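Enquirer: I am sharing final04.cif, which consists of mmCIF, C-alpha atoms:
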```cif
data_query
#
loop_
_atom_site.group_PDB
_atom_site.id
_atom_site.type_symbol
_atom_site.label_atom_id
_atom_site.label_comp_id
_atom_site.auth_asym_id
_atom_site.auth_seq_id
_atom_site.Cartn_x
_atom_site.Cartn_y
_atom_site.Cartn_z
ATOM 1 C CA MET A 1 92.774 69.921 79.815
ATOM 2 C CA ARG A 2 90.715 70.705 82.915
ATOM 3 C CA VAL A 3 89.396 74.163 83.644
ATOM 4 C CA VAL A 4 88.526 75.068 87.229
ATOM 5 C CA ARG A 5 85.810 77.711 87.275
ATOM 6 C CA GLY A 6 85.331 78.167 90.992
ATOM 7 C CA PHE A 7 86.018 76.848 94.399
ATOM 8 C CA LYS A 8 83.751 75.659 97.136
ATOM 9 C CA SER A 9 84.682 75.109 100.749
ATOM 10 C CA VAL A 10 83.665 71.729 102.084
ATOM 11 C CA PRO A 11 83.965 70.760 105.744
ATOM 12 C CA VAL A 12 85.987 67.588 106.142
ATOM 13 C CA PHE A 13 86.081 67.245 109.922
ATOM 14 C CA ALA A 14 83.641 68.319 112.603
ATOM 15 C CA LEU A 15 84.979 70.929 115.008
ATOM 16 C CA HIS A 16 84.902 68.420 117.883
ATOM 17 C CA ASP A 17 87.158 66.078 115.846
ATOM 18 C CA THR A 18 89.953 68.652 115.697
ATOM 19 C CA VAL A 19 92.679 69.477 118.193
ATOM 20 C CA GLY A 20 94.326 72.733 119.121
ATOM 21 C CA LYS A 21 93.596 75.883 121.017
ATOM 22 C CA PRO A 22 89.914 76.756 121.362
ATOM 23 C CA LEU A 23 88.696 79.236 118.779
ATOM 24 C CA PRO A 24 88.115 82.727 120.144
ATOM 25 C CA GLN A 25 84.523 83.547 120.953
ATOM 26 C CA VAL A 26 83.321 86.643 119.148
ATOM 27 C CA ASP A 27 80.613 88.812 120.670
ATOM 28 C CA TYR A 28 78.493 90.309 117.873
ATOM 29 C CA THR A 29 76.119 92.136 120.225
ATOM 30 C CA PRO A 30 75.674 95.717 118.984
ATOM 31 C CA ALA A 31 77.237 98.520 121.026
ATOM 32 C CA THR A 32 73.812 100.176 121.215
ATOM 33 C CA LEU A 33 70.958 97.732 121.646
ATOM 34 C CA PRO A 34 67.749 98.323 119.689
ATOM 35 C CA PRO A 35 64.560 99.347 121.476
ATOM 36 C CA LEU A 36 62.547 96.616 123.191
ATOM 37 C CA THR A 37 65.501 94.454 124.255
ATOM 38 C CA ASP A 38 64.127 94.866 127.777
ATOM 39 C CA VAL A 39 60.831 93.418 126.535
ATOM 40 C CA ALA A 40 62.630 90.387 125.121
ATOM 41 C CA ALA A 41 64.259 89.862 128.521
ATOM 42 C CA ARG A 42 60.912 90.281 130.314
ATOM 43 C CA LEU A 43 59.360 87.674 128.017
ATOM 44 C CA GLY A 44 62.285 85.308 128.626
ATOM 45 C CA VAL A 45 63.455 85.468 125.008
ATOM 46 C CA GLU A 46 67.163 84.787 124.537
ATOM 47 C CA VAL A 47 68.552 87.150 121.883
ATOM 48 C CA THR A 48 71.935 86.654 120.225
ATOM 49 C CA TRP A 49 73.599 88.500 117.383
ATOM 50 C CA LYS A 50 75.662 86.183 115.225
ATOM 51 C CA PRO A 51 76.419 85.312 111.613
ATOM 52 C CA LEU A 52 73.690 83.222 110.005
ATOM 53 C CA PRO A 53 73.332 81.527 106.617
ATOM 54 C CA PRO A 54 73.134 84.044 103.762
ATOM 55 C CA ASP A 55 69.437 83.375 103.140
ATOM 56 C CA ARG A 56 68.309 85.080 106.370
ATOM 57 C CA LEU A 57 68.831 88.131 108.572
ATOM 58 C CA GLY A 58 67.417 86.444 111.653
ATOM 59 C CA ASP A 59 65.369 83.579 112.977
ATOM 60 C CA CYS A 60 63.129 82.665 115.866
ATOM 61 C CA ASP A 61 62.482 79.215 117.277
ATOM 62 C CA LEU A 62 58.943 77.823 117.182
ATOM 63 C CA ALA A 63 58.294 78.440 120.875
ATOM 64 C CA GLY A 64 59.455 82.054 120.646
ATOM 65 C CA GLN A 65 62.150 81.565 123.270
ATOM 66 C CA ARG A 66 65.260 82.136 121.142
ATOM 67 C CA ILE A 67 66.030 84.813 118.557
ATOM 68 C CA GLN A 68 69.192 85.015 116.448
ATOM 69 C CA VAL A 69 69.907 88.194 114.499
ATOM 70 C CA ALA A 70 72.594 88.599 111.826
ATOM 71 C CA THR A 71 72.337 92.369 111.328
ATOM 72 C CA TYR A 72 72.348 95.515 113.423
ATOM 73 C CA ASP A 73 69.261 96.784 111.599
ATOM 74 C CA ALA A 74 66.496 97.170 114.203
ATOM 75 C CA GLU A 75 63.837 96.122 111.673
ATOM 76 C CA ALA A 76 65.193 92.563 111.518
ATOM 77 C CA TYR A 77 65.276 92.429 115.325
ATOM 78 C CA PHE A 78 61.693 93.744 115.529
ATOM 79 C CA HIS A 79 60.585 91.155 112.952
ATOM 80 C CA GLU A 80 62.016 88.285 114.996
ATOM 81 C CA LEU A 81 60.726 89.746 118.274
ATOM 82 C CA ALA A 82 57.269 89.925 116.685
ATOM 83 C CA HIS A 83 57.578 86.215 115.833
ATOM 84 C CA ALA A 84 58.478 85.515 119.476
ATOM 85 C CA ALA A 85 55.503 87.496 120.798
ATOM 86 C CA HIS A 86 53.211 85.821 118.250
ATOM 87 C CA ALA A 87 54.451 82.420 119.432
ATOM 88 C CA ARG A 88 53.560 83.404 122.994
ATOM 89 C CA LEU A 89 50.052 84.343 121.913
ATOM 90 C CA ASN A 90 49.509 81.165 119.877
ATOM 91 C CA GLY A 91 51.429 78.737 122.061
ATOM 92 C CA GLN A 92 53.864 78.010 119.229
ATOM 93 C CA LEU A 93 54.607 79.030 115.653
ATOM 94 C CA LYS A 94 54.158 76.749 112.663
ATOM 95 C CA GLY A 95 57.461 75.495 111.254
ATOM 96 C CA GLY A 96 58.716 77.060 108.027
ATOM 97 C CA GLN A 97 57.800 80.288 106.307
ATOM 98 C CA HIS A 98 54.020 80.780 106.406
ATOM 99 C CA ALA A 99 52.384 83.786 104.783
ATOM 100 C CA ASP A 100 50.260 84.642 107.815
ATOM 101 C CA GLN A 101 53.163 84.499 110.276
ATOM 102 C CA GLU A 102 55.497 86.448 107.990
ATOM 103 C CA THR A 103 52.838 89.102 107.370
ATOM 104 C CA ILE A 104 52.246 89.517 111.101
ATOM 105 C CA ALA A 105 55.961 89.771 111.901
ATOM 106 C CA GLU A 106 56.822 92.127 109.028
ATOM 107 C CA PHE A 107 53.865 94.449 109.516
ATOM 108 C CA THR A 108 54.523 94.584 113.267
ATOM 109 C CA ALA A 109 58.180 95.415 112.594
ATOM 110 C CA CYS A 110 57.138 98.148 110.159
ATOM 111 C CA VAL A 111 54.866 99.718 112.778
ATOM 112 C CA LEU A 112 57.576 99.519 115.451
ATOM 113 C CA MET A 113 60.093 101.212 113.137
ATOM 114 C CA GLN A 114 57.629 104.102 112.775
ATOM 115 C CA LEU A 115 56.809 104.223 116.494
ATOM 116 C CA TYR A 116 60.478 104.463 117.422
ATOM 117 C CA GLY A 117 61.298 106.955 114.665
ATOM 118 C CA LEU A 118 63.737 104.581 112.966
ATOM 119 C CA GLY A 119 62.554 105.107 109.422
ATOM 120 C CA ASP A 120 59.723 104.334 107.069
ATOM 121 C CA ARG A 121 59.990 100.687 106.032
ATOM 122 C CA SER A 122 56.526 100.420 104.518
ATOM 123 C CA GLY A 123 57.888 99.844 101.004
ATOM 124 C CA ASN A 124 60.202 97.100 102.226
ATOM 125 C CA ALA A 125 57.375 95.562 104.244
ATOM 126 C CA TRP A 126 55.087 95.605 101.206
ATOM 127 C CA ARG A 127 57.698 93.855 99.043
ATOM 128 C CA TYR A 128 58.432 91.289 101.779
ATOM 129 C CA ILE A 129 54.758 90.488 102.372
ATOM 130 C CA SER A 130 54.203 90.320 98.596
ATOM 131 C CA CYS A 131 56.753 87.506 98.430
ATOM 132 C CA TYR A 132 54.596 85.378 100.740
ATOM 133 C CA ALA A 133 51.039 86.450 100.002
ATOM 134 C CA ARG A 134 49.275 86.360 96.655
ATOM 135 C CA ASP A 135 47.128 89.325 97.768
ATOM 136 C CA PRO A 136 49.167 91.501 100.193
ATOM 137 C CA ILE A 137 46.213 93.788 100.977
ATOM 138 C CA GLN A 138 44.088 90.821 102.058
ATOM 139 C CA ALA A 139 47.018 89.305 103.970
ATOM 140 C CA ILE A 140 47.560 92.534 105.920
ATOM 141 C CA ALA A 141 43.829 92.991 106.558
ATOM 142 C CA SER A 142 43.599 89.417 107.862
ATOM 143 C CA ALA A 143 46.635 89.932 110.083
ATOM 144 C CA LEU A 144 45.640 93.235 111.698
ATOM 145 C CA THR A 145 43.881 91.773 114.744
ATOM 146 C CA THR A 146 46.900 89.609 115.553
ATOM 147 C CA VAL A 147 49.324 92.463 114.778
ATOM 148 C CA GLU A 148 47.410 94.567 117.313
ATOM 149 C CA LYS A 149 47.765 91.819 119.952
ATOM 150 C CA VAL A 150 51.475 91.345 119.192
ATOM 151 C CA LEU A 151 52.054 95.100 119.483
ATOM 152 C CA ALA A 152 50.139 95.100 122.763
ATOM 153 C CA VAL A 153 52.482 92.433 124.138
ATOM 154 C CA LEU A 154 55.557 94.296 122.962
ATOM 155 C CA VAL A 155 54.583 97.741 124.213
ATOM 156 C CA GLY A 156 53.000 96.548 127.453
ATOM 157 C CA GLN A 157 49.253 96.950 126.879
ATOM 158 C CA LEU A 158 48.113 93.344 127.048
ATOM 159 C CA PRO A 159 44.339 92.963 126.654
ATOM 160 C CA ARG A 160 42.693 91.272 129.641
ATOM 161 C CA GLY A 161 41.981 87.560 129.297
ATOM 162 C CA LEU A 162 44.503 86.974 126.513
ATOM 163 C CA PRO A 163 46.208 83.572 126.996
ATOM 164 C CA LEU A 164 49.812 84.782 126.968
ATOM 165 C CA HIS A 165 51.877 81.853 128.178
ATOM 166 C CA CYS A 166 54.614 83.645 130.072
ATOM 167 C CA HIS A 167 53.065 87.015 130.961
ATOM 168 C CA SER A 168 52.741 87.897 134.591
ATOM 169 C CA GLU A 169 49.520 89.580 135.711
ATOM 170 C CA GLU A 170 51.631 92.024 137.696
ATOM 171 C CA ARG A 171 52.943 94.949 135.676
ATOM 172 C CA SER A 172 55.719 97.331 136.499
ATOM 173 C CA ASP A 173 55.039 101.077 136.503
ATOM 174 C CA GLU A 174 56.901 101.356 133.187
ATOM 175 C CA GLU A 175 54.728 98.689 131.551
ATOM 176 C CA SER A 176 51.515 100.247 132.840
ATOM 177 C CA ARG A 177 52.256 103.682 131.398
ATOM 178 C CA LEU A 178 52.984 102.376 127.873
#
```
Rewrite the structure of this file - the entire thing - as structure tokens.
Expert:
Amino acid sequence: MRVVRGFKSVPVFALHDTVGKPLPQVDYTPATLPPLTDVAARLGVEVTWKPLPPDRLGDCDLAGQRIQVATYDAEAYFHELAHAAHARLNGQLKGGQHADQETIAEFTACVLMQLYGLGDRSGNAWRYISCYARDPIQAIASALTTVEKVLAVLVGQLPRGLPLHCHSEERSDEESRL
């Protein structure tokens, strides 16, 4: 006697190998966009909200030009936007999950949540950073200079002489007052 204990879906055919009416396109963009979506546009970062694998709430490509977000929580968006800004400062991110990059993105997101009055995420940030860094205090201390630069990019106060790859020297009135 066989006992079936669970089921697993397995794709048999690729979508392009099937026939029929096109599947409807679903727009997952939130009704109210989080703060700094204008900054993403100014930096040339393509942002899409869409379902992602269950092991992530968002991702950012290595060049910082594309962000995908699977939640309407602004913290996840800020985290990925911080990765994109960090990529612009460094030229490109390292592939995979690296403690320094994750610390920079998570701490930046935590600060942005506070700045925009969207809640205290310091406990969540501590737990997240602790998953990547053996010594979270040292990881945060080491990241602070870069976090400051990433925040400067995101809120419009770019230090002079910083090699930001796609930043224009001209600033709008809105950027100058931030």
Enquirer: Residues picked by the PyMOL selection byres ((chain A and resi 36-48) around 8) here, as a tab-separated table (two decimals) with C-alpha atoms, in the coordinates of the input?
Expert:
```tsv
chain	number	residue	atom	x	y	z
A	28	TYR	CA	78.49	90.31	117.87
A	29	THR	CA	76.12	92.14	120.22
A	33	LEU	CA	70.96	97.73	121.65
A	34	PRO	CA	67.75	98.32	119.69
A	35	PRO	CA	64.56	99.35	121.48
A	49	TRP	CA	73.60	88.50	117.38
A	50	LYS	CA	75.66	86.18	115.22
A	64	GLY	CA	59.46	82.05	120.65
A	65	GLN	CA	62.15	81.56	123.27
A	66	ARG	CA	65.26	82.14	121.14
A	67	ILE	CA	66.03	84.81	118.56
A	68	GLN	CA	69.19	85.02	116.45
A	69	VAL	CA	69.91	88.19	114.50
A	81	LEU	CA	60.73	89.75	118.27
A	84	ALA	CA	58.48	85.52	119.48
A	154	LEU	CA	55.56	94.30	122.96
A	155	VAL	CA	54.58	97.74	124.21
A	166	CYS	CA	54.61	83.64	130.07
A	167	HIS	CA	53.06	87.02	130.96
```
Enquirer: How many Å lie between atom CA of A:Ala74 and atom CA of A:Trp126, rounded to one decimal?
Expert: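 Straight-line distance from atom CA of A:Ala74 to atom CA of A:Trp126 works out to 17.4 Å.
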Enquirer: Counting only C-alpha atoms, which of A:Arg2, A:His86, A:Lys21, A:His79 gets nearest to A:Tyr128?
Expert: A:His79
Enquirer: Convert the output of the PyMOL selection byres ((chain A and resi 98-102) around 10) on the shown file into explicit residues, formatted as an MDAnalysis selection string.
Expert: chainID A and resid 79:80 82:83 86:87 93:97 103:108 128:134 136 139:140 142:143 146:147
Enquirer: Next, dump the selected residues to file, keeping only C-alpha atoms, as a compact mmCIF listing (two decimals), in the coordinates of the input.
Expert:
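Final file, selection12.txt:
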```
# COMPACT_ATOMS: atom_id res chain seq x y z
CA HIS A 79 60.58 91.16 112.95
CA GLU A 80 62.02 88.28 115.00
CA ALA A 82 57.27 89.92 116.68
CA HIS A 83 57.58 86.22 115.83
CA HIS A 86 53.21 85.82 118.25
CA ALA A 87 54.45 82.42 119.43
CA LEU A 93 54.61 79.03 115.65
CA LYS A 94 54.16 76.75 112.66
CA GLY A 95 57.46 75.50 111.25
CA GLY A 96 58.72 77.06 108.03
CA GLN A 97 57.80 80.29 106.31
CA THR A 103 52.84 89.10 107.37
CA ILE A 104 52.25 89.52 111.10
CA ALA A 105 55.96 89.77 111.90
CA GLU A 106 56.82 92.13 109.03
CA PHE A 107 53.86 94.45 109.52
CA THR A 108 54.52 94.58 113.27
CA TYR A 128 58.43 91.29 101.78
CA ILE A 129 54.76 90.49 102.37
CA SER A 130 54.20 90.32 98.60
CA CYS A 131 56.75 87.51 98.43
CA TYR A 132 54.60 85.38 100.74
CA ALA A 133 51.04 86.45 100.00
CA ARG A 134 49.28 86.36 96.66
CA PRO A 136 49.17 91.50 100.19
CA ALA A 139 47.02 89.30 103.97
CA ILE A 140 47.56 92.53 105.92
CA SER A 142 43.60 89.42 107.86
CA ALA A 143 46.64 89.93 110.08
CA THR A 146 46.90 89.61 115.55
CA VAL A 147 49.32 92.46 114.78
```
Enquirer: Show which residues sit within 8 Å of A:Ala70, as a list in words. Count all atoms listed in the file, and ignore same-chain residues fewer than 5 positions away.
Expert: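 Surrounding residues, per the criterion: Trp49, Lys50, Pro51, Leu52, Arg56, Leu57 and Gly58 of chain A.
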Enquirer: One number please: atom CA of A:Cys60 to atom CA of A:Gly123, in Å, one decimal.
Expert: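 Taking atom CA of A:Cys60 as the start and atom CA of A:Gly123 as the end point, the length is 23.3 Å.
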Enquirer: Could I see stretch 72-100 of chain A restored to N, CA and C atoms, set down as a short mmCIF file (atom, residue, chain, number, x, y, z; two decimals), in the coordinates of the input?
Expert:
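Saved the output as part-v1.cif:
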```
data_model
loop_
_atom_site.label_atom_id
_atom_site.label_comp_id
_atom_site.auth_asym_id
_atom_site.auth_seq_id
_atom_site.Cartn_x
_atom_site.Cartn_y
_atom_site.Cartn_z
N TYR A 72 72.61 94.52 112.39
CA TYR A 72 72.35 95.52 113.42
C TYR A 72 71.13 96.37 113.08
N ASP A 73 70.46 96.07 112.00
CA ASP A 73 69.26 96.78 111.60
C ASP A 73 68.12 96.41 112.56
N ALA A 74 67.55 97.41 113.22
CA ALA A 74 66.50 97.17 114.20
C ALA A 74 65.28 96.49 113.59
N GLU A 75 65.01 96.72 112.30
CA GLU A 75 63.84 96.12 111.67
C GLU A 75 63.89 94.60 111.72
N ALA A 76 65.06 94.03 111.46
CA ALA A 76 65.19 92.56 111.52
C ALA A 76 64.97 92.06 112.95
N TYR A 77 65.49 92.79 113.92
CA TYR A 77 65.28 92.43 115.32
C TYR A 77 63.79 92.50 115.66
N PHE A 78 63.13 93.60 115.26
CA PHE A 78 61.69 93.74 115.53
C PHE A 78 60.90 92.62 114.87
N HIS A 79 61.27 92.24 113.67
CA HIS A 79 60.58 91.16 112.95
C HIS A 79 60.66 89.86 113.76
N GLU A 80 61.86 89.53 114.23
CA GLU A 80 62.02 88.28 115.00
C GLU A 80 61.35 88.38 116.37
N LEU A 81 61.40 89.55 116.99
CA LEU A 81 60.73 89.75 118.27
C LEU A 81 59.22 89.61 118.09
N ALA A 82 58.70 90.09 116.97
CA ALA A 82 57.27 89.92 116.68
C ALA A 82 56.92 88.44 116.55
N HIS A 83 57.80 87.66 115.90
CA HIS A 83 57.58 86.22 115.83
C HIS A 83 57.52 85.62 117.25
N ALA A 84 58.44 86.05 118.11
CA ALA A 84 58.48 85.52 119.48
C ALA A 84 57.20 85.86 120.23
N ALA A 85 56.74 87.10 120.12
CA ALA A 85 55.50 87.50 120.80
C ALA A 85 54.31 86.74 120.22
N HIS A 86 54.29 86.57 118.90
CA HIS A 86 53.21 85.82 118.25
C HIS A 86 53.19 84.37 118.75
N ALA A 87 54.37 83.79 118.90
CA ALA A 87 54.45 82.42 119.43
C ALA A 87 53.86 82.35 120.83
N ARG A 88 54.10 83.38 121.63
CA ARG A 88 53.56 83.40 122.99
C ARG A 88 52.05 83.50 122.98
N LEU A 89 51.51 84.22 122.02
CA LEU A 89 50.05 84.34 121.91
C LEU A 89 49.40 83.05 121.42
N ASN A 90 50.06 82.38 120.49
CA ASN A 90 49.51 81.17 119.88
C ASN A 90 49.91 79.89 120.58
N GLY A 91 50.91 79.95 121.44
CA GLY A 91 51.43 78.74 122.06
C GLY A 91 52.66 78.24 121.34
N GLN A 92 52.70 78.42 120.02
CA GLN A 92 53.86 78.01 119.23
C GLN A 92 53.62 78.44 117.79
N LEU A 93 54.70 78.71 117.07
CA LEU A 93 54.61 79.03 115.65
C LEU A 93 54.57 77.75 114.83
N LYS A 94 54.08 77.86 113.61
CA LYS A 94 54.16 76.75 112.66
C LYS A 94 55.57 76.74 112.09
N GLY A 95 56.13 75.59 111.83
CA GLY A 95 57.46 75.50 111.25
C GLY A 95 57.48 75.98 109.82
N GLY A 96 58.58 76.58 109.40
CA GLY A 96 58.72 77.06 108.03
C GLY A 96 58.21 78.48 107.87
N GLN A 97 58.23 78.93 106.63
CA GLN A 97 57.80 80.29 106.31
C GLN A 97 56.33 80.25 105.89
N HIS A 98 55.45 80.76 106.70
CA HIS A 98 54.02 80.78 106.41
C HIS A 98 53.58 82.23 106.19
N ALA A 99 52.79 82.43 105.16
CA ALA A 99 52.38 83.79 104.78
C ALA A 99 51.77 84.56 105.95
N ASP A 100 50.91 83.92 106.72
CA ASP A 100 50.26 84.64 107.82
C ASP A 100 51.27 85.06 108.88
#
```
